[in-house]
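Chemist: I'd like to ask you about the structure that follows.
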Amino acid sequence: MELVSCSHSSISCHHKPSLSLRFLDSNCFNSRPHRVSLPRRSKSFTCESLISTHNFIAADEDFGTRTAPEKLGEITKLKIPGLPDGSDGNNGSQISSSFWDYKPKLSVHYEQSGIENTHAPAVLFLPGFGVGTFHFEKQLKDLGCDYRVWALDFLGQGMSLPGEDPAPSSQGERGVWGFGEESEPWASELVYSVDLWRDQVQHFIEQVIGEPVYIVGNSLGGFVALYIAACCPHLVKGVTLLNATPFWGFLPNPERSPQLSKMFPWSGTFPLPASVRKLTEIVWQKISDPRSIEQILKQVYADHSTDVNTVFSRIIETTQHPAAAASFASIMFAPTGLLSFHEALSRCQIQGIPICLMYGKEDPWVRPIWGLQVKRKVPDAPYYEISPAGHCPHDEVPEVINFLLRGWIKNLESNGSIALPFIEAPEYEELGVSKELEYLREGLQKSVQVRFFGSRFSLWSQMSSFVKSHLANLRVLSP
């Protein structure tokens with residue numbers, strides 16, 4: 001194929017036997033043509049992805065994004081697909097909701113899509129604390145067109161709260177579950193801990209999905225994704241961390257620190273001690289208030305134009321479950337896991353588990369420094385920093401996350417013959433590159449900037465650059 005003409009509004013293409021592209025800058029009349037070689041494995045080239053910018057950019061659906069190599073530090077624009085909205089006849093993949101009986105009285109809610117894609121890779125999404133499968137419906141609907149996709153609710157959260165009272169009160173107070181003096185036999189050892197969620201995910205993959213998966217986790221879900229990959233590498237083909245929390249739990253793990261754990265008389269089991277019940281009532285009344293939830297959503301979403309009405313209503317719905325308050329107390333007082341985040345990361349690295357990092361830059365909770373620390377420890381892990389985006393980039397900029405996930409999975413499934421997104425020149429893999437991604441959402445043009453950190457990234461140089469830029473700003477502002 002050869003690019004034969006271009007302008008600010010259009011680019012014309014036609015097929016030629018040559019395996020190269022000749023292209024011009026968008027100012028065609030003042031630029032000299034260049035030539036870029038295409039890999040011989042490429043079978044087709046899509047002109048639909050060409051966009052009009054001062055740098056020519058094209059996306060090849062067979063082997064990932066290809067752009068004309070730009071100078072280091074130069075930001076080019078790339079047009080990516082929007083979410084399926086029916087405007088072109090594509091309404092996305094149908095989502096189905098189901099329950100899986102994990103243990104007696106403990107059912108796990110999950111959603112799935114793309115089951116008809118029998119030979120496609122399996123992808124599992126794990127949510128953050130306080131949310132559930134509904135937080136990944138933009139991924140289920142879109143990625144389900146190409147893959148088999150699942151999302152689940154952790155036990156004690158979302159729609160995986162118990163269907164019966166784990167510790168009934170003899171007085172039946174206020175319809176609140178778990179505040180009685182004695183637990184039911186099925187709940188005598190129940191603790192909503194990260195170890196429970198690890199076991200839950202392991203059995204879900206084994207019994208429901210039935211094959212190794214790519215796991216994508218946000219916040220708490222990122223911690224659990226890394227944890228299950230470290231403990232069960234045979235079940236995991238790769239892990240993508242979306243602003244993963246680098247720690248979970250406050251009390252010592254009884255297996256790791258048996259003596260220290262004895263100093264804490266209660267660690268999340270049922271029934272709740274009387275003092276904990278009183279504390280939970282006070283705290284729960286505050287955090288379950290719709291005004292508090294609204295404020296939290298404003299914190300974690302960088303773009304306040306994002307529609308969070310569905311997320312808000314589903315969180316409110318969960319807080320009204322009679323077991324929600326006691327489950328929250330169990331989660332907050334549960335011990336830490338057998339492995340820390342960094343121990344799990346080290347195990348994954350030793351076992352060769354592919355890791356990809358996609359972090360919202362404006363996250364007020366899991367600041368970019370945490371993602372950069374992971375990148376420093378695993379230099380070969382692709383790290384995409386997205387701005388503006390906060391703690392939940394998959395819901396705030398789903399078009400970007402879905403585009404990057406497709407590229408990452410294609411790269412792994414092709415054993416590297418399909419390039420990662422943005423890596424159209426070998427030096428970018430080491431030195432990094434930034435791009436401005438453009439897409440349509442509800443008929444409006446949107447854009448975000450995405451920076452790919454190369455393997456030669458230095459955390460120290462990043463911090464030094466940050467300090468220098470702030471000092472320069474202070475000098476500019478000083479009289």
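Identifiers in this document derive from the order of the structure tokens: chains are assigned A, B, ..., residues are numbered from 1 separately in each chain, and ligands are numbered from 1 in order of occurrence.
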Neighbouring residues of A:Trp284 were defined as those with any atom within 12 Å, considering only C-alpha atoms; residues of the same chain fewer than 5 positions away were excluded. Please report them as number ranges by chain.
Modeler: A: 176, 276-279, 289-290, 292-293, 319-320, 323-329, 332
Chemist: How about saving the chosen residues, all heavy atoms kept, as a short mmCIF file (atom, residue, chain, number, x, y, z; two decimals), in the first residue's frame?
Modeler:
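The new file part-v7.cif reads:
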data_model
loop_
_atom_site.label_atom_id
_atom_site.label_comp_id
_atom_site.auth_asym_id
_atom_site.auth_seq_id
_atom_site.Cartn_x
_atom_site.Cartn_y
_atom_site.Cartn_z
N VAL A 176 -30.47 -5.14 60.55
CA VAL A 176 -29.04 -5.15 60.27
C VAL A 176 -28.49 -6.54 60.58
O VAL A 176 -28.71 -7.07 61.67
CB VAL A 176 -28.31 -4.08 61.10
CG1 VAL A 176 -26.82 -4.14 60.82
CG2 VAL A 176 -28.85 -2.70 60.77
N VAL A 276 -16.77 -3.10 68.61
CA VAL A 276 -16.64 -2.93 67.16
C VAL A 276 -18.00 -2.62 66.54
O VAL A 276 -18.10 -1.83 65.60
CB VAL A 276 -16.02 -4.19 66.52
CG1 VAL A 276 -16.04 -4.09 64.99
CG2 VAL A 276 -14.60 -4.40 67.02
N ARG A 277 -19.04 -3.24 67.07
CA ARG A 277 -20.39 -2.96 66.55
C ARG A 277 -20.74 -1.48 66.73
O ARG A 277 -21.29 -0.85 65.82
CB ARG A 277 -21.42 -3.84 67.27
CG ARG A 277 -21.30 -5.31 66.95
CD ARG A 277 -22.59 -6.06 67.27
NE ARG A 277 -22.91 -6.02 68.68
CZ ARG A 277 -22.56 -6.95 69.57
NH1 ARG A 277 -21.81 -7.98 69.19
NH2 ARG A 277 -22.94 -6.86 70.83
N LYS A 278 -20.41 -0.93 67.89
CA LYS A 278 -20.71 0.49 68.14
C LYS A 278 -19.90 1.39 67.21
O LYS A 278 -20.43 2.35 66.65
CB LYS A 278 -20.41 0.82 69.60
CG LYS A 278 -21.35 0.14 70.60
CD LYS A 278 -20.98 0.49 72.02
CE LYS A 278 -21.90 -0.21 73.02
NZ LYS A 278 -21.53 0.08 74.43
N LEU A 279 -18.62 1.06 67.06
CA LEU A 279 -17.77 1.85 66.17
C LEU A 279 -18.26 1.75 64.73
O LEU A 279 -18.30 2.76 64.01
CB LEU A 279 -16.32 1.36 66.27
CG LEU A 279 -15.31 2.03 65.33
CD1 LEU A 279 -15.20 3.51 65.64
CD2 LEU A 279 -13.94 1.34 65.44
N ASP A 289 -23.47 7.53 53.71
CA ASP A 289 -24.30 8.69 53.38
C ASP A 289 -24.09 9.04 51.90
O ASP A 289 -22.94 9.17 51.44
CB ASP A 289 -23.89 9.87 54.26
CG ASP A 289 -24.82 11.06 54.10
OD1 ASP A 289 -25.09 11.46 52.95
OD2 ASP A 289 -25.28 11.59 55.12
N PRO A 290 -25.15 9.19 51.12
CA PRO A 290 -25.00 9.52 49.70
C PRO A 290 -24.13 10.74 49.44
O PRO A 290 -23.41 10.80 48.44
CB PRO A 290 -26.45 9.77 49.24
CG PRO A 290 -27.27 8.93 50.17
CD PRO A 290 -26.57 8.99 51.49
N SER A 292 -21.48 11.61 51.18
CA SER A 292 -20.09 11.16 51.31
C SER A 292 -19.65 10.41 50.06
O SER A 292 -18.52 10.61 49.56
CB SER A 292 -19.93 10.28 52.54
OG SER A 292 -20.25 10.98 53.72
N ILE A 293 -20.52 9.55 49.56
CA ILE A 293 -20.19 8.78 48.36
C ILE A 293 -20.01 9.71 47.17
O ILE A 293 -19.09 9.53 46.35
CB ILE A 293 -21.29 7.74 48.09
CG1 ILE A 293 -21.32 6.72 49.24
CG2 ILE A 293 -21.08 7.05 46.75
CD1 ILE A 293 -22.50 5.78 49.19
N THR A 319 -24.89 -0.40 49.70
CA THR A 319 -24.85 0.03 51.12
C THR A 319 -26.16 -0.26 51.84
O THR A 319 -26.18 -0.32 53.07
CB THR A 319 -24.54 1.53 51.23
OG1 THR A 319 -25.60 2.29 50.61
CG2 THR A 319 -23.22 1.88 50.56
N GLN A 320 -27.24 -0.46 51.10
CA GLN A 320 -28.54 -0.71 51.72
C GLN A 320 -28.78 -2.19 52.02
O GLN A 320 -29.81 -2.54 52.60
CB GLN A 320 -29.65 -0.16 50.81
CG GLN A 320 -29.61 1.35 50.67
CD GLN A 320 -30.56 1.89 49.61
OE1 GLN A 320 -31.09 1.13 48.80
NE2 GLN A 320 -30.78 3.20 49.61
N ALA A 323 -26.40 -6.84 55.22
CA ALA A 323 -25.10 -7.36 55.65
C ALA A 323 -23.96 -6.42 55.35
O ALA A 323 -22.80 -6.72 55.69
CB ALA A 323 -24.84 -8.71 54.98
N ALA A 324 -24.23 -5.27 54.73
CA ALA A 324 -23.16 -4.39 54.26
C ALA A 324 -22.30 -3.84 55.39
O ALA A 324 -21.07 -3.84 55.30
CB ALA A 324 -23.75 -3.25 53.43
N ALA A 325 -22.91 -3.36 56.47
CA ALA A 325 -22.14 -2.72 57.55
C ALA A 325 -21.22 -3.72 58.23
O ALA A 325 -20.03 -3.43 58.47
CB ALA A 325 -23.10 -2.09 58.56
N ALA A 326 -21.73 -4.90 58.59
CA ALA A 326 -20.90 -5.90 59.26
C ALA A 326 -19.80 -6.41 58.33
O ALA A 326 -18.66 -6.68 58.77
CB ALA A 326 -21.76 -7.07 59.74
N SER A 327 -20.09 -6.54 57.04
CA SER A 327 -19.07 -6.97 56.07
C SER A 327 -17.97 -5.93 55.98
O SER A 327 -16.78 -6.27 55.89
CB SER A 327 -19.71 -7.19 54.70
OG SER A 327 -20.69 -8.20 54.76
N PHE A 328 -18.35 -4.65 56.00
CA PHE A 328 -17.36 -3.57 55.98
C PHE A 328 -16.44 -3.67 57.19
O PHE A 328 -15.20 -3.53 57.06
CB PHE A 328 -18.08 -2.22 55.96
CG PHE A 328 -17.20 -1.05 56.23
CD1 PHE A 328 -16.36 -0.55 55.24
CD2 PHE A 328 -17.19 -0.42 57.48
CE1 PHE A 328 -15.53 0.54 55.49
CE2 PHE A 328 -16.37 0.66 57.73
CZ PHE A 328 -15.54 1.15 56.73
N ALA A 329 -17.00 -3.94 58.37
CA ALA A 329 -16.18 -4.06 59.58
C ALA A 329 -15.21 -5.22 59.45
O ALA A 329 -14.03 -5.12 59.84
CB ALA A 329 -17.08 -4.24 60.80
N MET A 332 -12.34 -4.24 57.16
CA MET A 332 -11.42 -3.27 57.74
C MET A 332 -10.51 -3.89 58.81
O MET A 332 -9.37 -3.45 58.99
CB MET A 332 -12.21 -2.11 58.35
CG MET A 332 -12.89 -1.20 57.33
SD MET A 332 -11.69 -0.30 56.27
CE MET A 332 -11.70 -1.32 54.80
#
Chemist: I want to know what sits within 12 Å of A:Ala229, based on only C-alpha atoms, with residues of the same chain fewer than 2 positions away left out; could you give that as a ChimeraX atom specification?
Modeler: /A:198-199,201-202,205,212-217,222-227,231-241,339,341,343-355
Chemist: What's around stretch 178-184 of chain A at 8 Å? Count only C-alpha atoms, leave out sequence neighbours fewer than 4 positions away in its own chain, and write the answer as a ChimeraX atom specification.
Modeler: /A:165-170,188,270-273,277,323,326-327
Chemist: Within 12 Å of stretch 385-392 of chain A, which residues of stretch 302-332 of chain A show up? Give each one with its shortest atom-to-atom distance in Å (one decimal) and the two atoms involved, counting only C-alpha atoms, rows by chain then rising residue number, as a tab-separated table.
Modeler:
residue	atom	partner	partner_atom	distance
A:Ala302	CA	A:Gly390	CA	4.9
A:Asp303	CA	A:Ala389	CA	6.8
A:His304	CA	A:Ala389	CA	10.2
A:Ser305	CA	A:Ala389	CA	11.7
A:Thr306	CA	A:Ala389	CA	10.4
A:Val308	CA	A:Cys392	CA	11.2
A:Val311	CA	A:Cys392	CA	11.4
Chemist: Fewer than 4 positions away in the same chain doesn't count, so skip those; otherwise give me all residues within 12 Å of A:Pro335, counting only C-alpha atoms, as an NGL selection string.
Modeler: :A and (191-196 or 247-258 or 260-262 or 264-269 or 330-331 or 339-340)
Chemist: Please report, as a ChimeraX atom specification, each residue of stretch 134-370 of chain A to which DSSP assigns alpha helix (DSSP H) when run on this structure's backbone.
Modeler: /A:137-143,194-204,220-231,258-261,274-287,290-300,309-319,324-333,341-351,368-370
Chemist: Closest to A:His203 among A:Ile228, A:Leu437, A:Cys145, A:Val400, using only C-alpha atoms?
Modeler: A:Ile228
Chemist: DSSP says strand (DSSP E) for which residues of stretch 409-454 of chain A? Put them as a list in words?
Modeler: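 Going through stretch 409-454 of chain A, the strand (DSSP E) residues come out as Val433, Ser434, Lys435, Glu436, Leu437, Glu438, Tyr439, Leu440, Arg441, Leu444, Gln445, Lys446, Ser447, Val448, Gln449, Val450, Arg451, Phe452 and Phe453 of chain A.
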Chemist: Give me, as an MDAnalysis selection string, all polymer residues having an atom no more than 8 Å from A:Gly130, counting only C-alpha atoms and skipping those fewer than 2 positions away in the same chain.
Modeler: chainID A and resid 128 132 157:158 315
Chemist: What does the structure give for the distance between atom CA of A:Ser96 and atom CA of A:Glu111, in Å to one decimal?
Modeler: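 About the pair atom CA of A:Ser96 and atom CA of A:Glu111: they are 5.5 Å apart.
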Chemist: Taking 3 positions as the minimum chain separation for residues in the same chain, which residues sit within 7 Å of A:Leu242 when counting only C-alpha atoms? Answer as a CSV table (one decimal) with N, CA, C and O atoms, in the first residue's frame.
Modeler:
chain,number,residue,atom,x,y,z
A,217,GLY,N,-6.9,-5.8,37.1
A,217,GLY,CA,-7.5,-5.4,38.4
A,217,GLY,C,-7.3,-3.9,38.7
A,217,GLY,O,-6.2,-3.4,38.4
A,218,ASN,N,-8.3,-3.3,39.2
A,218,ASN,CA,-8.2,-1.9,39.6
A,218,ASN,C,-8.2,-1.8,41.1
A,218,ASN,O,-9.0,-2.4,41.8
A,219,SER,N,-7.3,-1.0,41.6
A,219,SER,CA,-7.2,-0.7,43.0
A,219,SER,C,-7.0,-2.0,43.8
A,219,SER,O,-6.0,-2.7,43.6
A,222,GLY,N,-6.4,-4.9,41.7
A,222,GLY,CA,-5.0,-5.0,41.2
A,222,GLY,C,-4.1,-5.8,42.2
A,222,GLY,O,-3.3,-6.6,41.8
A,357,LEU,N,1.2,-2.1,33.1
A,357,LEU,CA,0.7,-1.0,34.1
A,357,LEU,C,0.0,0.1,33.3
A,357,LEU,O,0.5,0.6,32.3
A,358,MET,N,-1.2,0.4,33.7
A,358,MET,CA,-2.0,1.5,33.1
A,358,MET,C,-2.5,2.3,34.3
A,358,MET,O,-3.4,1.9,35.0
A,359,TYR,N,-2.0,3.5,34.5
A,359,TYR,CA,-2.3,4.3,35.7
A,359,TYR,C,-2.8,5.7,35.3
A,359,TYR,O,-2.2,6.4,34.4
